[in-house]
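So this block is input_0.cif, mmCIF, C-alpha atoms and all ligand atoms:
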```cif
data_query
loop_
_atom_site.label_atom_id
_atom_site.label_comp_id
_atom_site.auth_asym_id
_atom_site.auth_seq_id
_atom_site.Cartn_x
_atom_site.Cartn_y
_atom_site.Cartn_z
CA MET N 264 -22.46 -48.37 52.49
CA SER N 265 -21.31 -51.08 54.87
CA SER N 266 -24.00 -51.16 57.58
CA GLU N 267 -26.70 -53.86 57.35
CA PRO N 268 -30.33 -53.08 56.56
CA VAL N 269 -32.32 -52.73 59.77
CA VAL N 270 -35.85 -52.46 58.38
CA ASP N 271 -37.69 -54.25 55.59
CA VAL N 272 -40.60 -52.14 54.31
CA ARG N 273 -42.21 -55.37 53.03
CA ASP N 274 -42.19 -56.86 56.54
CA PRO N 275 -45.76 -57.88 57.52
CA ALA N 276 -45.26 -56.12 60.87
CA VAL N 277 -44.82 -52.83 59.00
CA LEU N 278 -47.49 -53.58 56.36
CA ASP N 279 -50.16 -54.70 58.85
CA ASP N 280 -49.94 -51.54 60.90
CA PRO N 281 -47.80 -49.10 58.96
CA MET N 282 -48.47 -46.13 61.19
CA ARG N 283 -47.41 -47.84 64.41
CA GLY N 284 -44.57 -49.56 62.55
CA TYR N 285 -43.24 -46.26 61.23
CA ASP N 286 -43.80 -44.50 64.58
CA ARG N 287 -41.27 -46.84 66.10
CA ILE N 288 -38.79 -46.41 63.25
CA LEU N 289 -39.16 -42.61 63.35
CA ALA N 290 -38.59 -42.51 67.11
CA GLU N 291 -35.65 -44.91 67.13
CA SER N 292 -33.76 -44.29 63.89
CA PRO N 293 -35.35 -41.68 61.60
CA VAL N 294 -32.66 -42.16 58.94
CA CYS N 295 -31.86 -45.88 58.77
CA ARG N 296 -30.76 -48.60 56.39
CA ALA N 297 -33.63 -50.59 54.92
CA ARG N 298 -34.65 -53.16 52.37
CA LEU N 299 -36.83 -51.23 49.95
CA PRO N 300 -39.97 -52.29 47.99
CA GLY N 301 -38.06 -53.62 44.97
CA GLY N 302 -35.75 -55.62 47.28
CA ALA N 303 -32.70 -53.33 46.95
CA GLU N 304 -31.05 -51.69 49.95
CA GLY N 305 -31.16 -48.00 50.70
CA TRP N 306 -31.97 -45.39 53.28
CA LEU N 307 -35.39 -45.01 54.86
CA ILE N 308 -36.24 -41.42 55.80
CA THR N 309 -39.21 -40.80 58.09
CA ARG N 310 -38.83 -37.42 59.85
CA SER N 311 -40.92 -34.58 58.36
CA GLU N 312 -38.05 -32.10 58.19
CA ASP N 313 -35.72 -34.63 56.52
CA VAL N 314 -38.39 -35.80 54.06
CA ARG N 315 -39.02 -32.23 52.88
CA ALA N 316 -35.30 -31.49 52.67
CA VAL N 317 -34.63 -34.60 50.56
CA LEU N 318 -37.56 -34.04 48.17
CA ALA N 319 -36.52 -30.40 47.57
CA ASP N 320 -32.75 -31.02 47.32
CA PRO N 321 -31.34 -30.43 43.79
CA ALA N 322 -28.62 -32.97 44.68
CA VAL N 323 -31.28 -35.68 44.90
CA ARG N 324 -32.45 -37.28 41.65
CA ASN N 325 -35.19 -39.58 40.46
CA ASP N 326 -33.01 -41.04 37.67
CA PRO N 327 -29.90 -42.85 38.99
CA THR N 328 -28.25 -43.17 35.56
CA GLY N 329 -24.55 -42.37 35.78
CA LEU N 330 -24.36 -42.11 39.55
CA PRO N 331 -21.60 -43.91 41.45
CA GLY N 332 -22.09 -46.36 44.33
CA GLN N 333 -24.68 -49.06 44.86
CA GLY N 334 -27.52 -47.14 43.27
CA ALA N 335 -25.46 -46.85 40.12
CA GLN N 336 -27.53 -49.33 38.13
CA THR N 337 -29.12 -47.30 35.38
CA GLN N 338 -32.86 -46.88 35.33
CA GLU N 339 -32.88 -48.93 32.13
CA GLU N 340 -30.93 -51.80 33.69
CA ALA N 341 -33.32 -51.77 36.63
CA PHE N 342 -36.33 -52.01 34.32
CA LEU N 343 -34.68 -54.71 32.18
CA ALA N 344 -33.82 -56.71 35.30
CA LEU N 345 -37.54 -56.68 36.14
CA GLY N 346 -38.27 -58.29 32.76
CA THR N 347 -39.36 -55.09 30.98
CA PRO N 348 -39.04 -55.53 27.20
CA PRO N 349 -36.61 -53.03 25.62
CA GLU N 350 -39.38 -51.50 23.47
CA HIS N 351 -41.15 -50.27 26.64
CA LEU N 352 -38.09 -48.40 27.95
CA PRO N 353 -38.64 -45.08 26.10
CA TYR N 354 -42.11 -44.68 27.68
CA LEU N 355 -40.92 -45.52 31.18
CA ARG N 356 -37.98 -43.12 30.76
CA ALA N 357 -40.32 -40.31 29.67
CA SER N 358 -42.62 -40.69 32.69
CA LEU N 359 -42.73 -37.51 34.82
CA LEU N 360 -41.57 -39.29 37.97
CA SER N 361 -38.55 -40.78 36.14
CA LEU N 362 -37.20 -37.41 35.00
CA ASP N 363 -35.09 -34.68 36.57
CA GLY N 364 -34.15 -31.09 35.84
CA ALA N 365 -34.85 -29.41 32.50
CA GLU N 366 -36.39 -32.48 30.86
CA HIS N 367 -38.82 -32.90 33.75
CA THR N 368 -39.72 -29.18 33.68
CA ARG N 369 -40.31 -29.28 29.91
CA LEU N 370 -42.78 -32.17 30.07
CA ARG N 371 -44.50 -30.93 33.24
CA ARG N 372 -45.00 -27.47 31.69
CA SER N 373 -46.58 -28.99 28.60
CA ILE N 374 -49.64 -30.03 30.65
CA SER N 375 -49.52 -27.81 33.76
CA HIS N 376 -51.90 -25.19 32.28
CA ALA N 377 -54.72 -27.75 32.55
CA PHE N 378 -54.26 -28.08 36.32
CA GLY N 379 -54.15 -24.39 37.30
CA ALA N 380 -56.68 -22.89 39.72
CA SER N 381 -59.00 -21.30 37.14
CA ARG N 382 -59.22 -24.35 34.84
CA VAL N 383 -59.91 -26.55 37.84
CA ALA N 384 -62.52 -24.16 39.29
CA ALA N 385 -64.33 -24.34 35.94
CA LEU N 386 -64.53 -28.14 36.31
CA ARG N 387 -66.30 -27.99 39.70
CA PRO N 388 -69.90 -27.98 38.31
CA ARG N 389 -69.14 -31.03 36.15
CA VAL N 390 -67.55 -32.84 39.13
CA GLN N 391 -70.70 -32.06 41.15
CA GLN N 392 -72.88 -33.42 38.34
CA ILE N 393 -70.93 -36.70 38.15
CA VAL N 394 -71.07 -37.02 41.95
CA ASP N 395 -74.84 -36.42 42.03
CA GLU N 396 -75.44 -39.00 39.31
CA LEU N 397 -73.31 -41.57 41.11
CA LEU N 398 -75.08 -40.92 44.42
CA ASP N 399 -78.48 -41.24 42.67
CA GLY N 400 -77.36 -44.62 41.33
CA LEU N 401 -76.22 -46.01 44.70
CA GLY N 402 -79.78 -46.74 45.80
CA SER N 403 -80.03 -47.96 49.38
CA GLY N 404 -78.73 -50.81 51.50
CA THR N 405 -75.14 -52.04 51.38
CA VAL N 406 -72.66 -50.93 48.72
CA ASN N 407 -68.91 -51.04 48.13
CA LEU N 408 -68.13 -47.32 48.13
CA LEU N 409 -64.65 -47.86 46.71
CA ASP N 410 -65.86 -49.60 43.53
CA GLU N 411 -69.27 -47.95 43.17
CA TYR N 412 -68.43 -44.35 44.06
CA ALA N 413 -64.74 -43.52 44.50
CA TYR N 414 -63.30 -45.31 41.45
CA PRO N 415 -66.04 -44.33 38.97
CA LEU N 416 -65.80 -40.67 40.04
CA ALA N 417 -62.00 -40.50 39.91
CA MET N 418 -61.93 -42.31 36.55
CA ALA N 419 -64.64 -40.13 34.98
CA VAL N 420 -63.03 -36.84 36.03
CA VAL N 421 -59.50 -37.58 34.83
CA CYS N 422 -60.62 -39.35 31.65
CA GLU N 423 -62.95 -36.51 30.63
CA LEU N 424 -60.16 -34.00 31.29
CA VAL N 425 -57.57 -35.95 29.29
CA GLY N 426 -59.99 -37.09 26.57
CA VAL N 427 -60.27 -40.87 27.10
CA PRO N 428 -63.65 -42.07 25.72
CA GLU N 429 -66.07 -43.57 28.24
CA ALA N 430 -66.20 -46.88 26.37
CA ASP N 431 -62.54 -47.44 27.35
CA TRP N 432 -62.72 -46.59 31.08
CA ALA N 433 -63.24 -50.23 32.08
CA ASP N 434 -59.93 -51.12 30.36
CA TRP N 435 -58.11 -48.42 32.34
CA TRP N 436 -59.63 -49.67 35.56
CA ARG N 437 -58.34 -53.18 34.81
CA TRP N 438 -54.90 -51.91 33.71
CA GLY N 439 -54.55 -49.77 36.85
CA LYS N 440 -55.30 -52.75 39.10
CA VAL N 441 -52.71 -54.93 37.34
CA LEU N 442 -50.02 -52.25 37.73
CA VAL N 443 -50.80 -51.63 41.40
CA ASP N 444 -50.89 -55.37 42.20
CA GLY N 445 -47.33 -55.51 40.88
CA ASP N 446 -47.27 -59.06 39.39
CA PRO N 447 -44.42 -58.74 36.83
CA ALA N 448 -45.88 -61.49 34.60
CA ARG N 449 -49.03 -59.41 34.05
CA ILE N 450 -47.45 -55.95 34.04
CA THR N 451 -45.53 -56.35 30.77
CA PRO N 452 -48.49 -57.35 28.55
CA THR N 453 -50.65 -54.73 30.27
CA LEU N 454 -48.15 -51.96 29.58
CA GLY N 455 -47.97 -53.14 25.97
CA GLU N 456 -51.76 -52.84 25.69
CA MET N 457 -51.77 -49.39 27.27
CA PHE N 458 -49.03 -47.99 25.04
CA ALA N 459 -50.69 -49.36 21.88
CA TYR N 460 -54.07 -47.98 22.98
CA CYS N 461 -52.59 -44.52 23.67
CA HIS N 462 -50.80 -44.38 20.31
CA ALA N 463 -54.11 -45.09 18.56
CA LEU N 464 -55.84 -42.41 20.65
CA VAL N 465 -53.11 -39.86 19.84
CA ASP N 466 -53.64 -40.55 16.12
CA ARG N 467 -57.43 -40.14 16.49
CA ARG N 468 -57.14 -36.80 18.33
CA ARG N 469 -54.62 -35.49 15.81
CA ALA N 470 -57.05 -36.32 12.99
CA ASP N 471 -60.13 -35.17 14.89
CA PRO N 472 -59.36 -32.72 17.74
CA ARG N 473 -61.88 -32.23 20.56
CA GLU N 474 -62.21 -30.05 23.67
CA ASP N 475 -59.75 -32.03 25.80
CA LEU N 476 -56.18 -31.97 27.09
CA LEU N 477 -54.97 -34.62 24.67
CA SER N 478 -56.10 -32.52 21.68
CA GLU N 479 -54.13 -29.56 23.09
CA VAL N 480 -51.05 -31.68 23.73
CA VAL N 481 -50.92 -33.31 20.28
CA ALA N 482 -50.74 -29.79 18.81
CA GLN N 483 -47.50 -29.03 20.74
CA GLU N 484 -44.70 -29.49 18.22
CA ASP N 485 -41.87 -30.07 20.69
CA LEU N 486 -43.53 -33.21 22.11
CA THR N 487 -42.87 -36.62 20.55
CA ASP N 488 -45.55 -39.32 20.44
CA VAL N 489 -43.60 -41.23 23.10
CA ASP N 490 -43.71 -38.13 25.36
CA ILE N 491 -47.46 -37.83 24.82
CA VAL N 492 -48.20 -41.51 25.40
CA ALA N 493 -46.11 -41.45 28.61
CA LEU N 494 -47.99 -38.35 29.81
CA VAL N 495 -51.42 -39.85 29.13
CA VAL N 496 -50.58 -43.15 30.84
CA PHE N 497 -49.15 -41.41 33.89
CA LEU N 498 -51.96 -38.86 34.19
CA VAL N 499 -54.81 -41.33 33.94
CA LEU N 500 -53.17 -43.71 36.41
CA ALA N 501 -52.08 -41.00 38.88
CA GLY N 502 -55.44 -39.30 38.51
CA HIS N 503 -57.65 -42.27 39.35
CA GLU N 504 -55.76 -44.75 41.57
CA THR N 505 -54.55 -42.30 44.22
CA MET N 506 -57.76 -40.32 44.06
CA ALA N 507 -60.05 -43.32 44.56
CA HIS N 508 -58.13 -44.52 47.60
CA MET N 509 -57.95 -41.03 49.07
CA LEU N 510 -61.76 -40.83 48.87
CA SER N 511 -62.22 -44.26 50.38
CA ASN N 512 -59.73 -43.66 53.26
CA ALA N 513 -61.20 -40.22 53.98
CA ALA N 514 -64.83 -41.42 53.88
CA LEU N 515 -64.01 -44.20 56.32
CA ALA N 516 -62.13 -41.83 58.66
CA LEU N 517 -65.12 -39.46 58.73
CA MET N 518 -67.64 -42.28 59.25
CA ARG N 519 -65.67 -43.17 62.37
CA ASP N 520 -65.43 -39.61 63.65
CA PRO N 521 -68.89 -38.22 64.52
CA ALA N 522 -67.39 -35.08 66.12
CA GLN N 523 -65.58 -34.01 62.94
CA ARG N 524 -68.65 -34.87 60.87
CA ALA N 525 -70.83 -32.70 63.11
CA LEU N 526 -68.32 -29.85 62.84
CA LEU N 527 -68.41 -30.05 59.02
CA ARG N 528 -72.21 -30.07 59.04
CA THR N 529 -72.40 -26.84 61.05
CA GLU N 530 -69.36 -25.18 59.41
CA PRO N 531 -69.21 -26.46 55.80
CA GLN N 532 -66.62 -23.80 54.94
CA LEU N 533 -64.17 -26.12 56.75
CA TRP N 534 -64.37 -28.79 54.01
CA PRO N 535 -61.16 -27.68 52.22
CA ALA N 536 -59.28 -27.95 55.54
CA ALA N 537 -60.89 -31.36 56.15
CA VAL N 538 -59.57 -32.60 52.82
CA ARG N 539 -56.02 -31.41 53.62
CA GLU N 540 -56.19 -32.96 57.08
CA LEU N 541 -57.49 -36.31 55.78
CA VAL N 542 -54.71 -36.47 53.17
CA ARG N 543 -52.24 -35.79 56.00
CA THR N 544 -53.53 -38.45 58.39
CA ASP N 545 -54.65 -41.15 55.94
CA GLY N 546 -53.29 -40.26 52.51
CA PRO N 547 -53.18 -43.00 49.85
CA VAL N 548 -49.46 -42.61 49.03
CA GLN N 549 -47.30 -44.08 51.77
CA LEU N 550 -43.91 -44.09 50.02
CA ALA N 551 -42.67 -41.54 47.49
CA ARG N 552 -40.99 -42.77 44.35
CA LEU N 553 -37.41 -43.89 44.99
CA ARG N 554 -34.77 -41.13 44.87
CA TYR N 555 -30.96 -41.26 44.61
CA ALA N 556 -28.20 -39.09 46.10
CA ALA N 557 -26.35 -37.40 43.22
CA THR N 558 -23.51 -36.31 45.56
CA ASP N 559 -22.43 -37.19 49.11
CA LEU N 560 -25.11 -35.77 51.41
CA GLU N 561 -26.02 -35.41 55.04
CA VAL N 562 -29.62 -36.16 55.98
CA GLY N 563 -30.66 -35.71 59.61
CA GLY N 564 -27.02 -35.89 60.68
CA VAL N 565 -26.36 -39.17 58.80
CA ARG N 566 -23.79 -39.31 55.98
CA ILE N 567 -25.12 -40.68 52.72
CA SER N 568 -22.91 -41.56 49.76
CA ALA N 569 -23.43 -40.47 46.15
CA GLY N 570 -25.49 -43.11 44.35
CA ASP N 571 -27.30 -44.40 47.46
CA ALA N 572 -31.05 -45.00 47.14
CA LEU N 573 -33.31 -42.85 49.33
CA GLN N 574 -36.83 -43.92 50.27
CA VAL N 575 -38.85 -41.18 51.94
CA VAL N 576 -41.93 -42.28 53.87
CA LEU N 577 -44.65 -39.67 53.34
CA GLY N 578 -47.05 -41.47 55.69
CA ALA N 579 -44.54 -41.34 58.56
CA ALA N 580 -43.55 -37.70 57.97
CA ASN N 581 -47.24 -36.72 58.01
CA ARG N 582 -47.60 -38.10 61.53
CA ASP N 583 -44.28 -36.82 62.91
CA PRO N 584 -44.92 -35.58 66.48
CA ALA N 585 -42.17 -32.96 66.07
CA GLN N 586 -44.23 -31.37 63.26
CA PHE N 587 -47.88 -31.97 64.14
CA GLU N 588 -49.73 -31.23 67.35
CA HIS N 589 -52.06 -34.26 67.01
CA PRO N 590 -49.97 -36.53 64.81
CA HIS N 591 -52.45 -39.39 64.51
CA ARG N 592 -55.76 -37.57 64.89
CA ALA N 593 -57.47 -35.66 62.07
CA ASP N 594 -58.25 -32.23 63.55
CA VAL N 595 -60.05 -30.14 60.96
CA ARG N 596 -60.12 -26.95 63.03
CA TRP N 597 -56.38 -27.13 63.68
CA GLN N 598 -55.75 -27.66 59.97
CA ALA N 599 -57.99 -24.68 59.08
CA GLU N 600 -56.03 -22.45 61.45
CA HIS N 601 -52.72 -23.53 59.92
CA GLY N 602 -54.05 -22.86 56.43
CA GLY N 603 -52.15 -25.67 54.73
CA ARG N 604 -48.77 -24.26 55.75
CA GLU N 605 -48.10 -26.94 58.31
CA GLY N 606 -45.72 -28.98 56.15
CA SER N 607 -47.84 -31.98 55.21
CA VAL N 608 -46.29 -34.04 52.40
CA GLY N 609 -49.35 -36.08 51.39
CA PHE N 610 -49.14 -34.56 47.90
CA GLY N 611 -45.34 -34.76 47.84
CA TRP N 612 -42.89 -31.85 48.04
CA GLY N 613 -40.40 -30.11 45.76
CA PRO N 614 -40.27 -30.25 41.95
CA HIS N 615 -42.43 -33.40 41.71
CA PHE N 616 -45.17 -31.99 43.98
CA CYS N 617 -48.51 -33.41 42.79
CA LEU N 618 -49.55 -31.64 39.62
CA GLY N 619 -53.19 -32.64 40.14
CA VAL N 620 -53.42 -31.24 43.67
CA ALA N 621 -56.04 -28.54 42.92
CA LEU N 622 -58.23 -31.00 41.02
CA ALA N 623 -57.82 -33.64 43.73
CA LYS N 624 -58.93 -31.15 46.39
CA VAL N 625 -62.04 -30.12 44.43
CA GLU N 626 -62.97 -33.75 43.74
CA ALA N 627 -62.50 -34.74 47.36
CA GLU N 628 -64.40 -31.78 48.73
CA VAL N 629 -67.38 -32.25 46.40
CA ALA N 630 -67.45 -36.05 46.74
CA LEU N 631 -67.14 -36.25 50.52
CA ARG N 632 -69.44 -33.34 51.30
CA SER N 633 -72.16 -34.63 48.95
CA LEU N 634 -71.85 -38.18 50.32
CA PHE N 635 -72.36 -37.07 53.93
CA ASP N 636 -75.10 -34.57 53.00
CA ARG N 637 -77.02 -37.34 51.25
CA PHE N 638 -76.26 -40.14 53.76
CA PRO N 639 -75.46 -38.46 57.09
CA ALA N 640 -75.40 -41.74 59.04
CA VAL N 641 -73.55 -43.93 56.49
CA GLN N 642 -71.44 -46.54 58.32
CA PRO N 643 -68.96 -49.30 57.37
CA VAL N 644 -70.41 -52.79 57.70
CA ALA N 645 -67.09 -54.40 58.67
CA GLU N 646 -63.46 -53.53 59.27
CA PRO N 647 -62.07 -53.09 55.72
CA GLU N 648 -58.95 -55.06 54.91
CA TRP N 649 -55.72 -53.39 53.81
CA VAL N 650 -54.06 -54.29 50.52
CA PRO N 651 -50.61 -55.43 51.72
CA LEU N 652 -48.59 -52.96 49.66
CA PRO N 653 -45.70 -50.93 51.03
CA ARG N 654 -46.27 -48.04 48.60
CA GLY N 655 -49.91 -47.20 49.21
CA ARG N 656 -52.55 -47.15 51.91
CA HIS N 657 -55.25 -48.92 49.96
CA ARG N 658 -58.26 -50.83 51.23
CA VAL N 659 -59.49 -53.91 49.33
CA ALA N 660 -63.08 -52.61 49.49
CA LEU N 661 -65.21 -50.23 51.53
CA GLU N 662 -68.54 -51.94 52.25
CA VAL N 663 -70.98 -49.49 53.84
CA ARG N 664 -74.64 -49.31 54.82
CA LEU N 665 -76.24 -46.22 53.32
CA ARG N 666 -78.52 -44.21 55.65
C1 LIG I 1 -55.83 -37.14 46.69
C2 LIG I 1 -55.34 -37.60 45.58
C3 LIG I 1 -53.88 -37.53 45.23
C4 LIG I 1 -52.78 -37.69 46.02
C5 LIG I 1 -52.73 -38.00 47.51
C6 LIG I 1 -51.61 -37.51 45.20
C7 LIG I 1 -50.31 -37.61 45.64
C8 LIG I 1 -49.19 -37.41 44.87
C9 LIG I 1 -47.83 -37.49 45.35
C10 LIG I 1 -47.42 -37.87 46.77
C11 LIG I 1 -47.00 -37.20 44.31
C12 LIG I 1 -45.46 -37.12 44.36
C13 LIG I 1 -44.81 -38.47 44.25
C14 LIG I 1 -43.30 -38.38 44.44
O1 LIG I 1 -42.71 -37.29 44.49
O2 LIG I 1 -42.67 -39.45 44.52
C15 LIG I 1 -47.83 -36.94 43.17
C16 LIG I 1 -47.37 -36.63 41.91
C17 LIG I 1 -48.19 -36.43 40.84
N1 LIG I 1 -49.58 -36.42 40.82
FE1 LIG I 1 -50.81 -36.70 42.39
N2 LIG I 1 -52.02 -37.24 43.92
C18 LIG I 1 -53.39 -37.23 43.90
C19 LIG I 1 -54.22 -36.99 42.83
C20 LIG I 1 -53.78 -36.64 41.58
C21 LIG I 1 -54.63 -36.32 40.45
C22 LIG I 1 -56.16 -36.27 40.51
C23 LIG I 1 -53.80 -36.09 39.39
C24 LIG I 1 -54.12 -35.73 37.96
C25 LIG I 1 -55.26 -35.71 37.40
C26 LIG I 1 -52.42 -36.24 39.86
C27 LIG I 1 -51.31 -36.08 39.08
C28 LIG I 1 -50.00 -36.17 39.55
C29 LIG I 1 -48.85 -35.99 38.68
C30 LIG I 1 -48.87 -35.69 37.19
C31 LIG I 1 -47.70 -36.17 39.50
C32 LIG I 1 -46.23 -36.13 39.05
C33 LIG I 1 -45.71 -34.74 39.12
C34 LIG I 1 -44.26 -34.67 38.68
O3 LIG I 1 -43.52 -35.66 38.69
O4 LIG I 1 -43.85 -33.55 38.32
N3 LIG I 1 -52.45 -36.57 41.19
N4 LIG I 1 -49.17 -37.05 43.54
#
```
Give the structure from this file in structure tokens form.
Ligand code: HEM
Amino acid sequence: MSSEPVVDVRDPAVLDDPMRGYDRILAESPVCRARLPGGAEGWLITRSEDVRAVLADPAVRNDPTGLPGQGAQTQEEAFLALGTPPEHLPYLRASLLSLDGAEHTRLRRSISHAFGASRVAALRPRVQQIVDELLDGLGSGTVNLLDEYAYPLAMAVVCELVGVPEADWADWWRWGKVLVDGDPARITPTLGEMFAYCHALVDRRRADPREDLLSEVVAQEDLTDVDIVALVVFLVLAGHETMAHMLSNAALALMRDPAQRALLRTEPQLWPAAVRELVRTDGPVQLARLRYAATDLEVGGVRISAGDALQVVLGAANRDPAQFEHPHRADVRWQAEHGGREGSVGFGWGPHFCLGVALAKVEAEVALRSLFDRFPAVQPVAEPEWVPLPRGRHRVALEVRLR
């Protein structure tokens, strides 16, 4: 592609106020050239309709290997260029978000039974118990809700489901932070630690199965140890990082919105709609994983060449005025009336749609409802700072006064 990049998603003007930054981009050039998070060039796609079309298009891939054009660098070359040691490549290649087609379906199916509606509904009492214990432990006064409530809950739920022993949760917390911070010098040794840890855990569960997902997965003969390690790493990370920041963003949004809080107090049956609406307006995942055009395509009337990189902006699509009546305002009643069919992409779209969506909704509903039942007047003590990351909407901390 010859045209110059017009937007840099790492630009402080976009990072400091992503919503207003993306509003402008969406209004002026919804499919435009951009410099993407890793520094490469590609297309930035912000309109809701285009984002959904791209994420569901079978001619769009997550793995660029073998594609022509400027995205033609193989996934492996891209990882190696970032300093990834060759021995880590098989795990990164086997990660759900790096796979397409039949291979993706095979690995996703191997764990999807654990995330279905009935299995998740059965977890609700345990989620409530963890939430109640955490709330009991908060005491009174000022606390950091992100570190003392959201992270411990998200970590406990996913680790118990997968089968990671409690003694090791602190390691996962540390590993997750290193990976999100994105410092390449620390990522490589951290990944090495995680892969070695998971191999040892796989061996332990094979020798001594328990009532957990890992014990079920190690019994599946068509999965290699590399497949299983990649699944565990991805699940634990996806299950706690995104979840913790969703809870923190949503709690803050509700603290600042007494009208919606009052509505939820009088009509608690609206909590599931509130969770959907808060993921739409302030979801933790701003950018989807990078995609590539497998053939020449047209997106929103713009011609895109085979091999080009495509960066869809979930946060922009979720506030597209052509799609949503109140793009920037969380409106629980409106969401309830639309029943989740309004086209929000906060959990993704298409074949990589969030596998943990049902669990995430139960966790969020139980955690937020219980927090505001216990502390109806909880308030932030200061304006929380953003972590300057293009990929996520993460706050550094959420200091609140409990009351
Ligand atoms: C509110 C919390 C969460 C949000 C907003 C969220 C959001 C997302 C999004 C946007 C994607 C798609 C990324 C893309 O296509 O590039 C995704 C994928 C995924 N999520 Fe979540 N997620 C959440 C919680 C969870 C939880 C709790 C789990 C598991 C315990 C989970 C497991 C996954 C998995 C396995 C995928 C990859 C699916 C695939 O590639 O087939 N997520 N999530």
I'd like the neighbourhood of stretch 301-317 of chain N as a PDB file with C-alpha atoms, in the frame of the given file, where a residue qualifies if any of its atoms comes within 9 Å (using all atoms listed in the file), though same-chain residues fewer than 2 positions away should be ignored.
```
ATOM      1  CA  MET N 264     -22.460 -48.370  52.490  1.00  0.00           C
ATOM      2  CA  GLU N 267     -26.700 -53.860  57.350  1.00  0.00           C
ATOM      3  CA  PRO N 268     -30.330 -53.080  56.560  1.00  0.00           C
ATOM      4  CA  VAL N 270     -35.850 -52.460  58.380  1.00  0.00           C
ATOM      5  CA  ASP N 271     -37.690 -54.250  55.590  1.00  0.00           C
ATOM      6  CA  VAL N 272     -40.600 -52.140  54.310  1.00  0.00           C
ATOM      7  CA  ARG N 273     -42.210 -55.370  53.030  1.00  0.00           C
ATOM      8  CA  TYR N 285     -43.240 -46.260  61.230  1.00  0.00           C
ATOM      9  CA  ASP N 286     -43.800 -44.500  64.580  1.00  0.00           C
ATOM     10  CA  ILE N 288     -38.790 -46.410  63.250  1.00  0.00           C
ATOM     11  CA  LEU N 289     -39.160 -42.610  63.350  1.00  0.00           C
ATOM     12  CA  ALA N 290     -38.590 -42.510  67.110  1.00  0.00           C
ATOM     13  CA  SER N 292     -33.760 -44.290  63.890  1.00  0.00           C
ATOM     14  CA  PRO N 293     -35.350 -41.680  61.600  1.00  0.00           C
ATOM     15  CA  VAL N 294     -32.660 -42.160  58.940  1.00  0.00           C
ATOM     16  CA  CYS N 295     -31.860 -45.880  58.770  1.00  0.00           C
ATOM     17  CA  ARG N 296     -30.760 -48.600  56.390  1.00  0.00           C
ATOM     18  CA  ALA N 297     -33.630 -50.590  54.920  1.00  0.00           C
ATOM     19  CA  ARG N 298     -34.650 -53.160  52.370  1.00  0.00           C
ATOM     20  CA  LEU N 299     -36.830 -51.230  49.950  1.00  0.00           C
ATOM     21  CA  ALA N 319     -36.520 -30.400  47.570  1.00  0.00           C
ATOM     22  CA  ASP N 320     -32.750 -31.020  47.320  1.00  0.00           C
ATOM     23  CA  PRO N 321     -31.340 -30.430  43.790  1.00  0.00           C
ATOM     24  CA  ALA N 322     -28.620 -32.970  44.680  1.00  0.00           C
ATOM     25  CA  VAL N 323     -31.280 -35.680  44.900  1.00  0.00           C
ATOM     26  CA  GLN N 333     -24.680 -49.060  44.860  1.00  0.00           C
ATOM     27  CA  GLY N 334     -27.520 -47.140  43.270  1.00  0.00           C
ATOM     28  CA  ARG N 554     -34.770 -41.130  44.870  1.00  0.00           C
ATOM     29  CA  VAL N 562     -29.620 -36.160  55.980  1.00  0.00           C
ATOM     30  CA  GLY N 563     -30.660 -35.710  59.610  1.00  0.00           C
ATOM     31  CA  ILE N 567     -25.120 -40.680  52.720  1.00  0.00           C
ATOM     32  CA  ASP N 571     -27.300 -44.400  47.460  1.00  0.00           C
ATOM     33  CA  ALA N 572     -31.050 -45.000  47.140  1.00  0.00           C
ATOM     34  CA  LEU N 573     -33.310 -42.850  49.330  1.00  0.00           C
ATOM     35  CA  GLN N 574     -36.830 -43.920  50.270  1.00  0.00           C
ATOM     36  CA  VAL N 575     -38.850 -41.180  51.940  1.00  0.00           C
ATOM     37  CA  VAL N 576     -41.930 -42.280  53.870  1.00  0.00           C
ATOM     38  CA  LEU N 577     -44.650 -39.670  53.340  1.00  0.00           C
ATOM     39  CA  GLY N 578     -47.050 -41.470  55.690  1.00  0.00           C
ATOM     40  CA  ALA N 579     -44.540 -41.340  58.560  1.00  0.00           C
ATOM     41  CA  ALA N 580     -43.550 -37.700  57.970  1.00  0.00           C
ATOM     42  CA  ASN N 581     -47.240 -36.720  58.010  1.00  0.00           C
ATOM     43  CA  ARG N 582     -47.600 -38.100  61.530  1.00  0.00           C
ATOM     44  CA  ASP N 583     -44.280 -36.820  62.910  1.00  0.00           C
ATOM     45  CA  ALA N 585     -42.170 -32.960  66.070  1.00  0.00           C
ATOM     46  CA  GLN N 586     -44.230 -31.370  63.260  1.00  0.00           C
ATOM     47  CA  GLY N 606     -45.720 -28.980  56.150  1.00  0.00           C
ATOM     48  CA  SER N 607     -47.840 -31.980  55.210  1.00  0.00           C
ATOM     49  CA  VAL N 608     -46.290 -34.040  52.400  1.00  0.00           C
ATOM     50  CA  GLY N 611     -45.340 -34.760  47.840  1.00  0.00           C
ATOM     51  CA  TRP N 612     -42.890 -31.850  48.040  1.00  0.00           C
ATOM     52  CA  GLY N 613     -40.400 -30.110  45.760  1.00  0.00           C
TER      53      GLY N 613
END
```
TODO: Taking all atoms listed in the file into account, report as a PyMOL selection string which residues have an atom no farther than 7 Å from an atom of ligand LIG 1 (chain I).
DONE: chain N and resi 359-360+367+371+421+497-499+501-503+505-506+509+542+546-548+551-553+608-612+614-620+622-624
TODO: Find the residue from N:Leu408, N:Ala569, N:Met457, N:Val489 that sits nearest to N:Trp432; use only C-alpha atoms when measuring.
DONE: N:Met457
